[in-house]
>>> print(open('run.txt').read())   # compact mmCIF, C-alpha atoms and all ligand atoms
# COMPACT_ATOMS: atom_id res chain seq x y z
CA MET Q 1 -3.86 22.26 2.99
CA VAL Q 2 -1.03 20.18 1.63
CA THR Q 3 0.08 20.88 -1.92
CA PRO Q 4 0.31 17.90 -4.26
CA LEU Q 5 3.91 17.08 -5.08
CA PHE Q 6 3.01 15.19 -8.19
CA ARG Q 7 -0.01 13.66 -9.83
CA PRO Q 8 -0.08 10.25 -11.47
CA PRO Q 9 -0.30 11.13 -15.17
CA ALA Q 10 -2.88 8.50 -16.17
CA ALA Q 11 -5.13 9.13 -13.21
CA PRO Q 12 -5.57 12.88 -13.00
CA LEU Q 13 -7.81 13.72 -10.10
CA GLY Q 14 -9.98 16.68 -10.85
CA SER Q 15 -9.59 16.14 -14.57
CA SER Q 16 -12.05 17.77 -16.96
CA PRO Q 17 -15.69 16.78 -16.56
CA GLY Q 18 -16.66 13.75 -18.57
CA THR Q 19 -13.28 11.99 -18.35
CA VAL Q 20 -13.22 9.16 -15.86
CA ALA Q 21 -9.81 7.93 -14.76
CA ALA Q 22 -9.37 4.14 -14.93
CA PRO Q 23 -9.41 2.46 -11.53
CA ALA Q 24 -5.97 1.91 -10.04
CA VAL Q 25 -6.82 -1.78 -9.53
CA ALA Q 26 -9.85 -3.78 -10.62
CA PHE Q 27 -10.24 -7.42 -9.64
CA HIS Q 28 -13.21 -8.98 -11.40
CA ARG Q 29 -14.44 -12.37 -10.16
CA CYS Q 30 -10.86 -13.37 -9.44
CA GLY Q 31 -9.86 -16.79 -8.24
CA TYR Q 32 -6.42 -18.17 -7.49
CA SER Q 33 -5.23 -21.67 -6.62
CA TYR Q 34 -1.67 -22.70 -5.76
CA GLY Q 35 -0.78 -25.97 -7.47
CA ARG Q 36 -3.06 -28.21 -9.46
CA SER Q 37 -5.71 -30.92 -9.13
CA ALA Q 38 -5.69 -32.98 -5.92
CA GLY Q 39 -3.02 -31.02 -4.06
CA ALA Q 40 -4.25 -27.55 -5.07
CA VAL Q 41 -4.75 -24.89 -2.41
CA GLU Q 42 -7.58 -22.57 -3.35
CA ALA Q 43 -6.48 -19.22 -1.92
CA LEU Q 44 -9.05 -16.83 -3.45
CA ARG Q 45 -12.50 -17.29 -4.93
CA ASP Q 46 -14.65 -14.89 -6.90
CA VAL Q 47 -13.09 -11.68 -5.61
CA THR Q 48 -14.47 -8.48 -7.09
CA LEU Q 49 -12.81 -5.38 -5.71
CA THR Q 50 -11.86 -1.99 -7.11
CA VAL Q 51 -9.41 0.64 -5.93
CA GLY Q 52 -10.30 3.94 -7.56
CA ALA Q 53 -7.70 6.42 -8.83
CA GLY Q 54 -6.18 8.10 -5.79
CA GLU Q 55 -8.23 5.98 -3.39
CA PHE Q 56 -6.92 4.34 -0.21
CA VAL Q 57 -8.33 0.84 0.26
CA ALA Q 58 -7.37 -1.56 3.03
CA VAL Q 59 -7.94 -5.30 2.99
CA ILE Q 60 -8.29 -7.21 6.24
CA GLY Q 61 -9.06 -10.87 6.79
CA PRO Q 62 -8.09 -13.88 8.86
CA SER Q 63 -4.52 -15.13 8.59
CA GLY Q 64 -4.02 -17.32 5.51
CA CYS Q 65 -7.17 -16.07 3.76
CA GLY Q 66 -5.34 -14.91 0.63
CA LYS Q 67 -4.49 -11.25 1.30
CA SER Q 68 -0.90 -11.49 0.09
CA THR Q 69 -2.08 -13.57 -2.85
CA LEU Q 70 -4.41 -10.73 -3.83
CA LEU Q 71 -1.53 -8.27 -3.72
CA ARG Q 72 0.67 -10.60 -5.79
CA LEU Q 73 -2.05 -10.73 -8.47
CA ALA Q 74 -2.06 -6.92 -8.71
CA ALA Q 75 1.74 -6.81 -8.70
CA ASP Q 76 2.00 -9.24 -11.64
CA VAL Q 77 3.83 -11.80 -9.50
CA LEU Q 78 0.94 -14.26 -10.03
CA ALA Q 79 -1.71 -14.52 -12.74
CA PRO Q 80 -5.31 -15.29 -11.74
CA SER Q 81 -6.63 -18.85 -12.18
CA SER Q 82 -10.02 -17.38 -13.07
CA GLY Q 83 -11.44 -13.90 -13.58
CA THR Q 84 -9.46 -10.78 -14.51
CA VAL Q 85 -7.17 -8.22 -12.90
CA GLU Q 86 -6.54 -4.79 -14.37
CA VAL Q 87 -4.03 -2.30 -13.05
CA LEU Q 88 -4.34 1.33 -14.14
CA GLY Q 89 -6.60 0.38 -17.00
CA GLY Q 90 -4.53 -2.46 -18.48
CA PRO Q 91 -2.89 -5.79 -17.74
CA PRO Q 92 -0.72 -5.84 -14.57
CA ALA Q 93 2.31 -6.81 -16.71
CA GLN Q 94 2.00 -3.60 -18.70
CA ALA Q 95 1.74 -1.46 -15.57
CA ARG Q 96 4.82 -3.25 -14.21
CA ARG Q 97 6.85 -2.68 -17.38
CA GLN Q 98 5.88 0.98 -17.31
CA ARG Q 99 6.85 1.09 -13.60
CA ARG Q 100 3.53 2.66 -12.69
CA PHE Q 101 3.18 0.91 -9.32
CA SER Q 102 5.51 -0.03 -6.51
CA VAL Q 103 5.34 -2.59 -3.77
CA ALA Q 104 6.28 -2.38 -0.07
CA PHE Q 105 6.43 -5.42 2.18
CA GLN Q 106 6.62 -5.99 5.93
CA ASP Q 107 10.35 -6.55 5.60
CA PRO Q 108 11.86 -3.41 4.06
CA VAL Q 109 14.51 -5.34 2.02
CA LEU Q 110 17.06 -2.54 1.68
CA LEU Q 111 20.49 -3.34 0.27
CA PRO Q 112 22.71 -3.37 3.38
CA TRP Q 113 25.84 -2.09 1.61
CA ARG Q 114 24.15 0.95 0.09
CA THR Q 115 23.37 4.14 1.99
CA VAL Q 116 19.81 5.37 2.45
CA LEU Q 117 20.29 7.76 -0.48
CA GLN Q 118 21.70 5.01 -2.70
CA ASN Q 119 18.85 2.67 -1.77
CA VAL Q 120 16.23 5.30 -2.53
CA GLU Q 121 17.96 6.10 -5.85
CA LEU Q 122 17.99 2.46 -6.92
CA PRO Q 123 14.68 2.31 -8.85
CA LEU Q 124 15.67 5.48 -10.72
CA GLU Q 125 19.06 3.96 -11.53
CA ILE Q 126 17.40 0.80 -12.88
CA ALA Q 127 15.02 2.97 -14.91
CA GLY Q 128 18.08 4.70 -16.42
CA ARG Q 129 17.43 8.22 -15.10
CA SER Q 130 20.27 10.73 -15.09
CA PRO Q 131 22.42 11.06 -11.94
CA GLY Q 132 21.21 14.64 -11.40
CA HIS Q 133 17.55 13.69 -11.59
CA ARG Q 134 18.17 10.65 -9.39
CA ARG Q 135 19.79 12.67 -6.68
CA GLU Q 136 17.14 15.36 -6.72
CA MET Q 137 14.16 13.01 -6.70
CA ALA Q 138 15.66 10.71 -4.05
CA GLN Q 139 16.40 13.68 -1.79
CA GLN Q 140 12.85 14.96 -2.22
CA MET Q 141 11.42 11.58 -1.18
CA ILE Q 142 13.83 11.29 1.76
CA ASN Q 143 12.64 14.69 2.96
CA LEU Q 144 9.03 13.65 2.45
CA VAL Q 145 9.33 10.63 4.75
CA GLY Q 146 11.29 12.56 7.38
CA LEU Q 147 14.74 11.01 6.89
CA THR Q 148 16.59 14.26 6.14
CA GLY Q 149 20.06 14.02 7.66
CA PHE Q 150 20.26 10.21 7.30
CA GLU Q 151 21.11 10.14 3.59
CA ARG Q 152 24.57 8.64 4.20
CA ALA Q 153 23.50 6.15 6.89
CA LEU Q 154 23.56 2.43 6.14
CA PRO Q 155 20.38 0.39 6.76
CA GLY Q 156 22.09 -1.42 9.64
CA GLN Q 157 22.47 1.89 11.48
CA LEU Q 158 18.74 2.67 11.36
CA SER Q 159 15.80 1.66 13.58
CA GLY Q 160 13.03 -0.53 12.16
CA GLY Q 161 10.76 2.46 11.68
CA MET Q 162 13.46 4.39 9.82
CA ARG Q 163 14.20 1.44 7.57
CA GLN Q 164 10.52 1.24 6.70
CA ARG Q 165 10.52 4.99 5.96
CA ALA Q 166 13.48 4.51 3.63
CA SER Q 167 11.65 1.69 1.91
CA ILE Q 168 8.58 3.90 1.43
CA ALA Q 169 10.77 6.69 0.04
CA ARG Q 170 12.22 4.18 -2.41
CA ALA Q 171 8.71 3.02 -3.38
CA LEU Q 172 7.79 6.64 -4.16
CA THR Q 173 10.80 7.73 -6.25
CA LEU Q 174 9.28 6.70 -9.56
CA GLN Q 175 6.09 8.61 -8.70
CA PRO Q 176 3.83 5.58 -8.99
CA ALA Q 177 0.10 6.00 -9.53
CA LEU Q 178 -0.38 3.00 -7.24
CA LEU Q 179 1.27 1.70 -4.10
CA LEU Q 180 0.78 -1.94 -3.13
CA MET Q 181 1.58 -2.43 0.55
CA ASP Q 182 1.57 -5.80 2.34
CA GLU Q 183 1.54 -5.29 6.12
CA PRO Q 184 4.33 -2.69 5.86
CA PHE Q 185 4.15 -1.76 9.54
CA GLY Q 186 3.36 -5.22 10.91
CA ALA Q 187 6.75 -5.70 12.54
CA LEU Q 188 6.89 -2.31 14.30
CA ASP Q 189 5.92 -1.39 17.85
CA GLU Q 190 2.58 0.32 18.28
CA LEU Q 191 3.79 3.90 18.74
CA THR Q 192 6.10 3.72 15.73
CA ARG Q 193 3.26 2.25 13.72
CA ASP Q 194 0.96 5.12 14.76
CA ARG Q 195 3.56 7.63 13.68
CA LEU Q 196 4.17 5.93 10.35
CA ASN Q 197 0.41 5.68 9.73
CA GLN Q 198 0.23 9.43 10.16
CA GLU Q 199 3.20 10.01 7.88
CA LEU Q 200 1.85 7.65 5.24
CA LEU Q 201 -1.40 9.64 5.16
CA ASP Q 202 0.54 12.89 4.74
CA VAL Q 203 2.56 11.40 1.92
CA TRP Q 204 -0.52 9.90 0.30
CA GLN Q 205 -2.33 13.23 0.34
CA ARG Q 206 0.62 14.92 -1.30
CA THR Q 207 1.19 12.34 -4.00
CA ALA Q 208 -2.41 11.42 -4.88
CA ALA Q 209 -1.31 7.84 -5.55
CA ALA Q 210 -3.87 5.10 -4.96
CA VAL Q 211 -3.02 2.61 -2.20
CA LEU Q 212 -3.99 -1.03 -1.77
CA PHE Q 213 -3.01 -1.73 1.81
CA ILE Q 214 -3.00 -5.18 3.40
CA THR Q 215 -3.05 -5.34 7.18
CA HIS Q 216 -4.35 -7.45 9.99
CA SER Q 217 -4.77 -4.44 12.25
CA ILE Q 218 -8.41 -3.33 12.28
CA GLU Q 219 -7.56 0.07 13.78
CA GLU Q 220 -4.91 0.75 11.19
CA ALA Q 221 -7.28 -0.21 8.35
CA VAL Q 222 -10.02 2.11 9.64
CA TYR Q 223 -7.71 5.00 10.36
CA LEU Q 224 -6.03 5.01 6.95
CA SER Q 225 -8.71 4.05 4.48
CA ASP Q 226 -11.50 5.37 2.35
CA ARG Q 227 -12.84 1.81 2.27
CA VAL Q 228 -12.05 -1.34 4.23
CA MET Q 229 -12.64 -4.66 2.48
CA VAL Q 230 -13.10 -7.70 4.70
CA LEU Q 231 -12.18 -11.11 3.30
CA THR Q 232 -13.55 -14.45 4.54
CA ARG Q 233 -11.27 -17.26 5.61
CA ARG Q 234 -9.71 -19.26 2.79
CA PRO Q 235 -10.68 -19.35 0.02
CA GLY Q 236 -10.89 -15.62 0.54
CA THR Q 237 -13.80 -13.75 -0.92
CA VAL Q 238 -15.18 -10.31 -0.13
CA ALA Q 239 -17.44 -10.57 2.93
CA ALA Q 240 -18.02 -6.88 3.62
CA THR Q 241 -17.17 -3.40 2.41
CA LEU Q 242 -16.98 -0.59 4.94
CA PRO Q 243 -17.04 2.95 3.56
CA ILE Q 244 -15.04 4.83 6.18
CA ASP Q 245 -16.43 8.33 6.01
CA LEU Q 246 -14.24 9.83 8.76
CA PRO Q 247 -13.13 13.36 7.83
CA ARG Q 248 -9.74 14.06 6.27
CA PRO Q 249 -7.07 15.04 6.92
CA ARG Q 250 -7.13 12.45 9.68
CA THR Q 251 -5.32 13.45 12.80
CA LEU Q 252 -4.95 11.77 16.14
CA TYR Q 253 -8.00 13.76 17.16
CA VAL Q 254 -10.10 12.02 14.48
CA LYS Q 255 -8.80 8.69 15.70
CA ARG Q 256 -10.29 9.33 19.14
CA THR Q 257 -13.78 10.36 18.05
CA ALA Q 258 -16.89 8.25 18.66
CA ALA Q 259 -17.28 7.81 14.89
CA ALA Q 260 -13.81 6.25 14.64
CA PHE Q 261 -14.56 3.87 17.52
CA GLU Q 262 -17.82 2.92 15.88
CA TRP Q 263 -16.15 2.09 12.56
CA THR Q 264 -13.53 0.04 14.38
CA ALA Q 265 -16.28 -1.89 16.20
CA ARG Q 266 -18.12 -2.49 12.94
CA ALA Q 267 -14.97 -3.69 11.21
CA ARG Q 268 -14.26 -6.02 14.12
CA LEU Q 269 -17.77 -7.51 13.92
CA ALA Q 270 -17.43 -7.96 10.16
CA LEU Q 271 -14.05 -9.64 10.60
CA GLU Q 272 -15.38 -11.94 13.30
CA ALA Q 273 -18.31 -12.94 11.09
CA ALA Q 274 -15.95 -13.50 8.14
CA SER Q 275 -13.60 -15.65 10.22
CA ARG Q 276 -16.25 -18.21 11.18
N1 LIG H 301 3.48 -20.77 -2.71
C1 LIG H 301 2.42 -21.33 -2.12
N2 LIG H 301 2.12 -22.65 -2.34
C2 LIG H 301 1.06 -23.22 -1.77
N3 LIG H 301 0.21 -22.60 -0.94
C3 LIG H 301 0.45 -21.30 -0.69
C4 LIG H 301 1.56 -20.61 -1.25
N4 LIG H 301 1.55 -19.32 -0.81
C5 LIG H 301 0.47 -19.22 0.00
N5 LIG H 301 -0.19 -20.40 0.06
C6 LIG H 301 -1.41 -20.68 0.83
O1 LIG H 301 -2.46 -19.86 0.31
C7 LIG H 301 -3.24 -19.33 1.36
C8 LIG H 301 -3.26 -17.82 1.28
O2 LIG H 301 -1.94 -17.33 1.53
P1 LIG H 301 -1.64 -15.78 1.70
O3 LIG H 301 -2.18 -15.06 0.53
O4 LIG H 301 -0.20 -15.64 1.98
O5 LIG H 301 -2.52 -15.45 3.00
P2 LIG H 301 -2.51 -14.13 3.95
O6 LIG H 301 -1.61 -13.14 3.36
O7 LIG H 301 -3.94 -13.71 4.00
O8 LIG H 301 -2.06 -14.62 5.32
C9 LIG H 301 -2.65 -19.87 2.66
O9 LIG H 301 -3.39 -20.95 3.08
C10 LIG H 301 -1.25 -20.27 2.28
O10 LIG H 301 -0.82 -21.34 3.07
MG MG H 302 0.16 -12.20 4.01
>>> encode(input="run.txt", output="structure tokens")
Amino acid sequence: MVTPLFRPPAAPLGSSPGTVAAPAVAFHRCGYSYGRSAGAVEALRDVTLTVGAGEFVAVIGPSGCGKSTLLRLAADVLAPSSGTVEVLGGPPAQARRQRRFSVAFQDPVLLPWRTVLQNVELPLEIAGRSPGHRREMAQQMINLVGLTGFERALPGQLSGGMRQRASIARALTLQPALLLMDEPFGALDELTRDRLNQELLDVWQRTAAAVLFITHSIEEAVYLSDRVMVLTRRPGTVAATLPIDLPRPRTLYVKRTAAAFEWTARARLALEAASR
């Protein structure tokens, strides 16, 4: 069994009986429109979706259905036009100020002039942590994502998969209780993506952070998640919820079982129905 490296303080798994940790994210009847009146684009409508403390939830849906919009609502980049969003039991803005979540995008956006170590240290630097703590925590995260030995490399010297690893290490340095990920492996080749899926699961199990993971890969969604949410085409709304009960820890063996194929087929059917 893997040992937890850290636990999100406000969402203690296995806390004393009777205490229920707040969900990591709770969208309640959320709608969002870009622009106003005649020219408005309604991206989301009436979305109710919860990511429990420590839970891994993937969202799939047709292109342009509002997946990234959903993530932006949780990340406090956008405010809902209707309904409510709560992150870790409070307003998203509060969770952002307290640096309790981090975001990873398809494009790893590392600073090209800073080394891997300096990039991973950046959130700690901005948060005003001491140089000693910064170094120690950044090194721990670099080890966790398998980049040991590349601390002094510049982003330009790394492969796409390694850059994404560095970006995940950076997202983890402040020990967030929630990771918001928008197609983080979408630009990688299939084998690299498989490997990073595996590594992300290892990291997730060690950190106990909740994950809201956007993807358009059905297989990836099934393999990683406790639940897969399927959105309809725009305006996106929840069309189906698939409780993926495949055993954990998930290995490549689990991926090749009949149960995994069945979940993938079900998710595909749900996505096809939602895309009509
Ligand atoms: N800044 C914006 N202004 C106007 N429309 C937008 C803007 N951003 C996204 N949209 C539209 O909102 C819809 C949902 O976008 P998005 O959430 O990015 O979809 P997805 O991530 O599922 O592909 C799309 O139709 C897109 O064109
Ligand atoms: Mg998107």
>>> residues_near_ligand(input="run.txt", ligand="ligand MG 302 (chain H)", cutoff="10 Å", atoms="all atoms listed in the file", output="list in words")
Gly61, Pro62, Ser63, Gly64, Cys65, Gly66, Lys67, Ser68, Thr69, Leu70, Leu71, Arg72, Phe105, Gln106, Asp182, Glu183, Ile214, Thr215 and His216 of chain Q
>>> residues_around(input="run.txt", residues="stretch 273-275 of chain Q", least_positions_apart="3", cutoff="6 Å", atoms="all atoms listed in the file", output="list in words")
Pro62, Thr232, Arg233 and Ala270 of chain Q
>>> atom_distance(input="run.txt", atom1="atom CA of Q:Leu122", atom2="atom CA of Q:Val51")
27.5 Å
>>> closest_residue(input="run.txt", among="Q:Val230, Q:Ala208, Q:Val25, Q:Leu111", to="ligand LIG 301 (chain H)", atoms="only C-alpha atoms and all ligand atoms")
Q:Val230
>>> closest_residue(input="run.txt", among="Q:Ala38, Q:Leu180, Q:Val59, Q:Ala210", to="Q:Asp76", atoms="only C-alpha atoms")
Q:Leu180
>>> atom_distance(input="run.txt", atom1="atom CA of Q:Gly90", atom2="atom CA of Q:Pro23")
9.8 Å
>>> atom_distance(input="run.txt", atom1="atom CA of Q:Ala258", atom2="atom CA of Q:Asp194")
18.5 Å
>>> build_atoms(input="run.txt", residues="stretch 212-235 of chain Q", atoms="N, CA, C and O atoms", output="compact mmCIF listing (two decimals), keeping the file's coordinate frame")
# COMPACT_ATOMS: atom_id res chain seq x y z
N LEU Q 212 -3.34 0.22 -2.19
CA LEU Q 212 -3.99 -1.03 -1.77
C LEU Q 212 -3.15 -1.53 -0.61
O LEU Q 212 -1.97 -1.86 -0.78
N PHE Q 213 -3.76 -1.55 0.57
CA PHE Q 213 -3.01 -1.73 1.81
C PHE Q 213 -3.51 -2.98 2.53
O PHE Q 213 -4.67 -3.05 2.94
N ILE Q 214 -2.64 -3.96 2.68
CA ILE Q 214 -3.00 -5.18 3.40
C ILE Q 214 -2.56 -5.04 4.86
O ILE Q 214 -1.43 -4.62 5.12
N THR Q 215 -3.44 -5.41 5.77
CA THR Q 215 -3.05 -5.34 7.18
C THR Q 215 -3.87 -6.34 7.96
O THR Q 215 -4.91 -6.79 7.49
N HIS Q 216 -3.40 -6.74 9.16
CA HIS Q 216 -4.35 -7.45 9.99
C HIS Q 216 -4.75 -6.61 11.20
O HIS Q 216 -5.44 -7.09 12.09
N SER Q 217 -4.35 -5.34 11.17
CA SER Q 217 -4.77 -4.44 12.25
C SER Q 217 -6.05 -3.71 11.84
O SER Q 217 -6.07 -2.93 10.88
N ILE Q 218 -7.12 -3.96 12.58
CA ILE Q 218 -8.41 -3.33 12.28
C ILE Q 218 -8.31 -1.82 12.43
O ILE Q 218 -8.78 -1.06 11.59
N GLU Q 219 -7.68 -1.37 13.52
CA GLU Q 219 -7.56 0.07 13.78
C GLU Q 219 -6.81 0.78 12.67
O GLU Q 219 -7.19 1.87 12.23
N GLU Q 220 -5.72 0.17 12.25
CA GLU Q 220 -4.91 0.75 11.19
C GLU Q 220 -5.72 0.87 9.90
O GLU Q 220 -5.71 1.90 9.23
N ALA Q 221 -6.46 -0.20 9.57
CA ALA Q 221 -7.28 -0.21 8.35
C ALA Q 221 -8.30 0.93 8.39
O ALA Q 221 -8.45 1.68 7.43
N VAL Q 222 -8.99 1.08 9.52
CA VAL Q 222 -10.02 2.11 9.64
C VAL Q 222 -9.41 3.51 9.57
O VAL Q 222 -9.90 4.39 8.87
N TYR Q 223 -8.32 3.68 10.27
CA TYR Q 223 -7.71 5.00 10.36
C TYR Q 223 -7.22 5.51 9.00
O TYR Q 223 -7.36 6.67 8.66
N LEU Q 224 -6.66 4.59 8.19
CA LEU Q 224 -6.03 5.01 6.95
C LEU Q 224 -7.01 5.15 5.78
O LEU Q 224 -6.81 5.99 4.91
N SER Q 225 -8.04 4.32 5.76
CA SER Q 225 -8.71 4.05 4.48
C SER Q 225 -9.94 4.85 4.16
O SER Q 225 -10.65 5.33 5.04
N ASP Q 226 -10.20 4.91 2.84
CA ASP Q 226 -11.50 5.37 2.35
C ASP Q 226 -12.49 4.21 2.44
O ASP Q 226 -13.67 4.41 2.69
N ARG Q 227 -12.00 3.01 2.17
CA ARG Q 227 -12.84 1.81 2.27
C ARG Q 227 -12.02 0.68 2.87
O ARG Q 227 -10.83 0.54 2.57
N VAL Q 228 -12.68 -0.13 3.71
CA VAL Q 228 -12.05 -1.34 4.23
C VAL Q 228 -12.81 -2.53 3.65
O VAL Q 228 -14.04 -2.61 3.75
N MET Q 229 -12.06 -3.44 3.03
CA MET Q 229 -12.64 -4.66 2.48
C MET Q 229 -12.31 -5.80 3.44
O MET Q 229 -11.15 -5.96 3.83
N VAL Q 230 -13.32 -6.59 3.79
CA VAL Q 230 -13.10 -7.70 4.70
C VAL Q 230 -13.21 -9.00 3.91
O VAL Q 230 -14.20 -9.23 3.22
N LEU Q 231 -12.16 -9.82 3.99
CA LEU Q 231 -12.18 -11.11 3.30
C LEU Q 231 -12.57 -12.22 4.27
O LEU Q 231 -12.26 -12.15 5.46
N THR Q 232 -13.23 -13.25 3.75
CA THR Q 232 -13.55 -14.45 4.54
C THR Q 232 -12.31 -15.29 4.71
O THR Q 232 -11.30 -15.06 4.04
N ARG Q 233 -12.39 -16.32 5.56
CA ARG Q 233 -11.27 -17.26 5.61
C ARG Q 233 -11.17 -17.99 4.27
O ARG Q 233 -12.06 -17.95 3.45
N ARG Q 234 -10.03 -18.65 4.06
CA ARG Q 234 -9.71 -19.26 2.79
C ARG Q 234 -10.77 -20.26 2.33
O ARG Q 234 -11.19 -21.08 3.15
N PRO Q 235 -11.11 -20.29 1.06
CA PRO Q 235 -10.68 -19.35 0.02
C PRO Q 235 -11.30 -17.97 0.23
O PRO Q 235 -12.51 -17.84 0.37
